[in-house]
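First up is the structure itself, then whatever we jot down about it.
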Amino acid sequence: MVIMNALADLEPRWSGPWHENELSELPQAPGVYCVCECAPDDSNEGWRAIRPLFIGESANVRQTMLASDQWNHWRSLAAKGHGLCVGYQSAPPAKLEIMQGAMIAYYRPPGNHRPAWL
């Protein structure tokens, strides 16, 4: 029930995506972010998110993404020739952790799950 309550607070739309070369344009605000595998979107010369790779939460999404040391790991999860982009969902600081958990449970991104043998 806790997961469903957290999802009820989310709109079904993420803002973005911001390509990994556009991280300085991410909001400097609290929220849940999703690092996604992306491909060029020829229809509007932007990027199209293909699948979520990692979901996190931060009091300042831009700062967290710019400082992250996980980009090489996330790139290793994407198909050859694809890039990375970031989606953003604003969230009140008190709900960041529970909203992150709900989104991980819903999307099950590979970057948030450890192999059972670890």
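Following the order of the structure tokens, first chain is A, next is B, and so on, with residues numbered from 1 inside each chain and ligands from 1 in the order they appear.
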
Task: Long-range neighbours of segment 50-57 of chain A as a PyMOL selection string, 7 Å cut-off, only C-alpha atoms, 3 positions minimum in chain - done: chain A and resi 31-38+74+77+96-97+100+104+109-112

Can I get the selected residues back with N, CA and C atoms, as a PDB file, in the first residue's frame?
```
ATOM      1  N   GLY A  31      14.037  16.163  -6.304  1.00  0.00           N
ATOM      2  CA  GLY A  31      13.226  15.331  -7.169  1.00  0.00           C
ATOM      3  C   GLY A  31      13.775  13.937  -7.328  1.00  0.00           C
ATOM      4  N   VAL A  32      13.029  13.154  -8.069  1.00  0.00           N
ATOM      5  CA  VAL A  32      13.423  11.807  -8.446  1.00  0.00           C
ATOM      6  C   VAL A  32      13.907  11.910  -9.881  1.00  0.00           C
ATOM      7  N   TYR A  33      15.033  11.272 -10.171  1.00  0.00           N
ATOM      8  CA  TYR A  33      15.568  11.316 -11.525  1.00  0.00           C
ATOM      9  C   TYR A  33      15.715   9.903 -12.061  1.00  0.00           C
ATOM     10  N   CYS A  34      15.671   9.798 -13.375  1.00  0.00           N
ATOM     11  CA  CYS A  34      15.790   8.513 -14.033  1.00  0.00           C
ATOM     12  C   CYS A  34      16.840   8.636 -15.133  1.00  0.00           C
ATOM     13  N   VAL A  35      17.926   7.882 -14.988  1.00  0.00           N
ATOM     14  CA  VAL A  35      18.932   7.805 -16.042  1.00  0.00           C
ATOM     15  C   VAL A  35      18.446   6.743 -17.013  1.00  0.00           C
ATOM     16  N   CYS A  36      18.293   7.138 -18.262  1.00  0.00           N
ATOM     17  CA  CYS A  36      17.723   6.251 -19.274  1.00  0.00           C
ATOM     18  C   CYS A  36      18.685   6.041 -20.436  1.00  0.00           C
ATOM     19  N   GLU A  37      18.552   4.888 -21.040  1.00  0.00           N
ATOM     20  CA  GLU A  37      19.186   4.661 -22.337  1.00  0.00           C
ATOM     21  C   GLU A  37      18.372   5.475 -23.336  1.00  0.00           C
ATOM     22  N   CYS A  38      19.036   6.186 -24.243  1.00  0.00           N
ATOM     23  CA  CYS A  38      18.310   6.994 -25.200  1.00  0.00           C
ATOM     24  C   CYS A  38      18.902   6.875 -26.593  1.00  0.00           C
ATOM     25  N   TRP A  74      26.615   3.300 -16.015  1.00  0.00           N
ATOM     26  CA  TRP A  74      25.338   3.417 -16.710  1.00  0.00           C
ATOM     27  C   TRP A  74      25.512   3.212 -18.210  1.00  0.00           C
ATOM     28  N   LEU A  77      25.424  -0.319 -19.332  1.00  0.00           N
ATOM     29  CA  LEU A  77      24.104  -0.955 -19.337  1.00  0.00           C
ATOM     30  C   LEU A  77      23.317  -0.652 -20.616  1.00  0.00           C
ATOM     31  N   LEU A  96      11.001  12.131  -1.097  1.00  0.00           N
ATOM     32  CA  LEU A  96      11.971  11.681  -2.090  1.00  0.00           C
ATOM     33  C   LEU A  96      12.261  10.184  -2.004  1.00  0.00           C
ATOM     34  N   GLU A  97      12.575   9.718  -0.815  1.00  0.00           N
ATOM     35  CA  GLU A  97      12.980   8.322  -0.668  1.00  0.00           C
ATOM     36  C   GLU A  97      11.843   7.353  -1.009  1.00  0.00           C
ATOM     37  N   GLN A 100      11.212   7.442  -4.767  1.00  0.00           N
ATOM     38  CA  GLN A 100      12.265   6.708  -5.459  1.00  0.00           C
ATOM     39  C   GLN A 100      12.010   5.204  -5.352  1.00  0.00           C
ATOM     40  N   ILE A 104      11.413   2.595  -8.438  1.00  0.00           N
ATOM     41  CA  ILE A 104      12.295   1.437  -8.637  1.00  0.00           C
ATOM     42  C   ILE A 104      11.459   0.158  -8.685  1.00  0.00           C
ATOM     43  N   PRO A 109      14.734  -0.898 -12.825  1.00  0.00           N
ATOM     44  CA  PRO A 109      15.890  -0.621 -13.676  1.00  0.00           C
ATOM     45  C   PRO A 109      17.105  -1.454 -13.265  1.00  0.00           C
ATOM     46  N   PRO A 110      17.894  -1.921 -14.228  1.00  0.00           N
ATOM     47  CA  PRO A 110      19.024  -2.798 -13.909  1.00  0.00           C
ATOM     48  C   PRO A 110      20.072  -2.158 -13.018  1.00  0.00           C
ATOM     49  N   GLY A 111      20.244  -0.856 -13.079  1.00  0.00           N
ATOM     50  CA  GLY A 111      21.250  -0.180 -12.266  1.00  0.00           C
ATOM     51  C   GLY A 111      20.909  -0.087 -10.798  1.00  0.00           C
ATOM     52  N   ASN A 112      19.670  -0.389 -10.425  1.00  0.00           N
ATOM     53  CA  ASN A 112      19.262  -0.342  -9.026  1.00  0.00           C
ATOM     54  C   ASN A 112      19.220  -1.709  -8.368  1.00  0.00           C
TER      55      ASN A 112
END
```

Task: All strand (DSSP E) residues (DSSP, backbone) inside segment 59-109 of chain A, as a PyMOL selection string - done: chain A and resi 83-90

Quick one: residues within 9 Å of segment 11-25 of chain A, only C-alpha atoms, excluding same-chain residues fewer than 6 positions away - as an mmCIF file with C-alpha atoms, in the first residue's frame?
```cif
data_model
loop_
_atom_site.group_PDB
_atom_site.id
_atom_site.type_symbol
_atom_site.label_atom_id
_atom_site.label_comp_id
_atom_site.auth_asym_id
_atom_site.auth_seq_id
_atom_site.Cartn_x
_atom_site.Cartn_y
_atom_site.Cartn_z
ATOM 1 C CA TYR A 33 15.568 11.316 -11.525
ATOM 2 C CA CYS A 34 15.790 8.513 -14.033
ATOM 3 C CA CYS A 36 17.723 6.251 -19.274
ATOM 4 C CA CYS A 38 18.310 6.994 -25.200
ATOM 5 C CA GLY A 46 16.018 15.634 -29.614
ATOM 6 C CA TRP A 47 16.398 12.439 -27.643
ATOM 7 C CA ARG A 48 13.985 9.605 -27.033
ATOM 8 C CA ALA A 49 14.249 7.616 -23.808
ATOM 9 C CA ARG A 62 21.495 18.952 -11.264
ATOM 10 C CA GLN A 63 24.294 18.905 -8.692
ATOM 11 C CA MET A 65 24.024 14.351 -11.852
ATOM 12 C CA LEU A 66 27.004 16.615 -12.524
ATOM 13 C CA TRP A 71 28.236 7.486 -15.827
ATOM 14 C CA GLY A 83 23.481 7.436 -25.273
ATOM 15 C CA LEU A 84 22.196 8.388 -21.860
ATOM 16 C CA CYS A 85 19.588 10.926 -20.879
ATOM 17 C CA VAL A 86 17.965 11.982 -17.628
ATOM 18 C CA GLY A 87 14.290 12.394 -16.816
ATOM 19 C CA TYR A 88 13.128 14.380 -13.799
ATOM 20 C CA GLN A 89 10.066 14.326 -11.558
ATOM 21 C CA SER A 90 9.767 17.024 -8.902
#
```
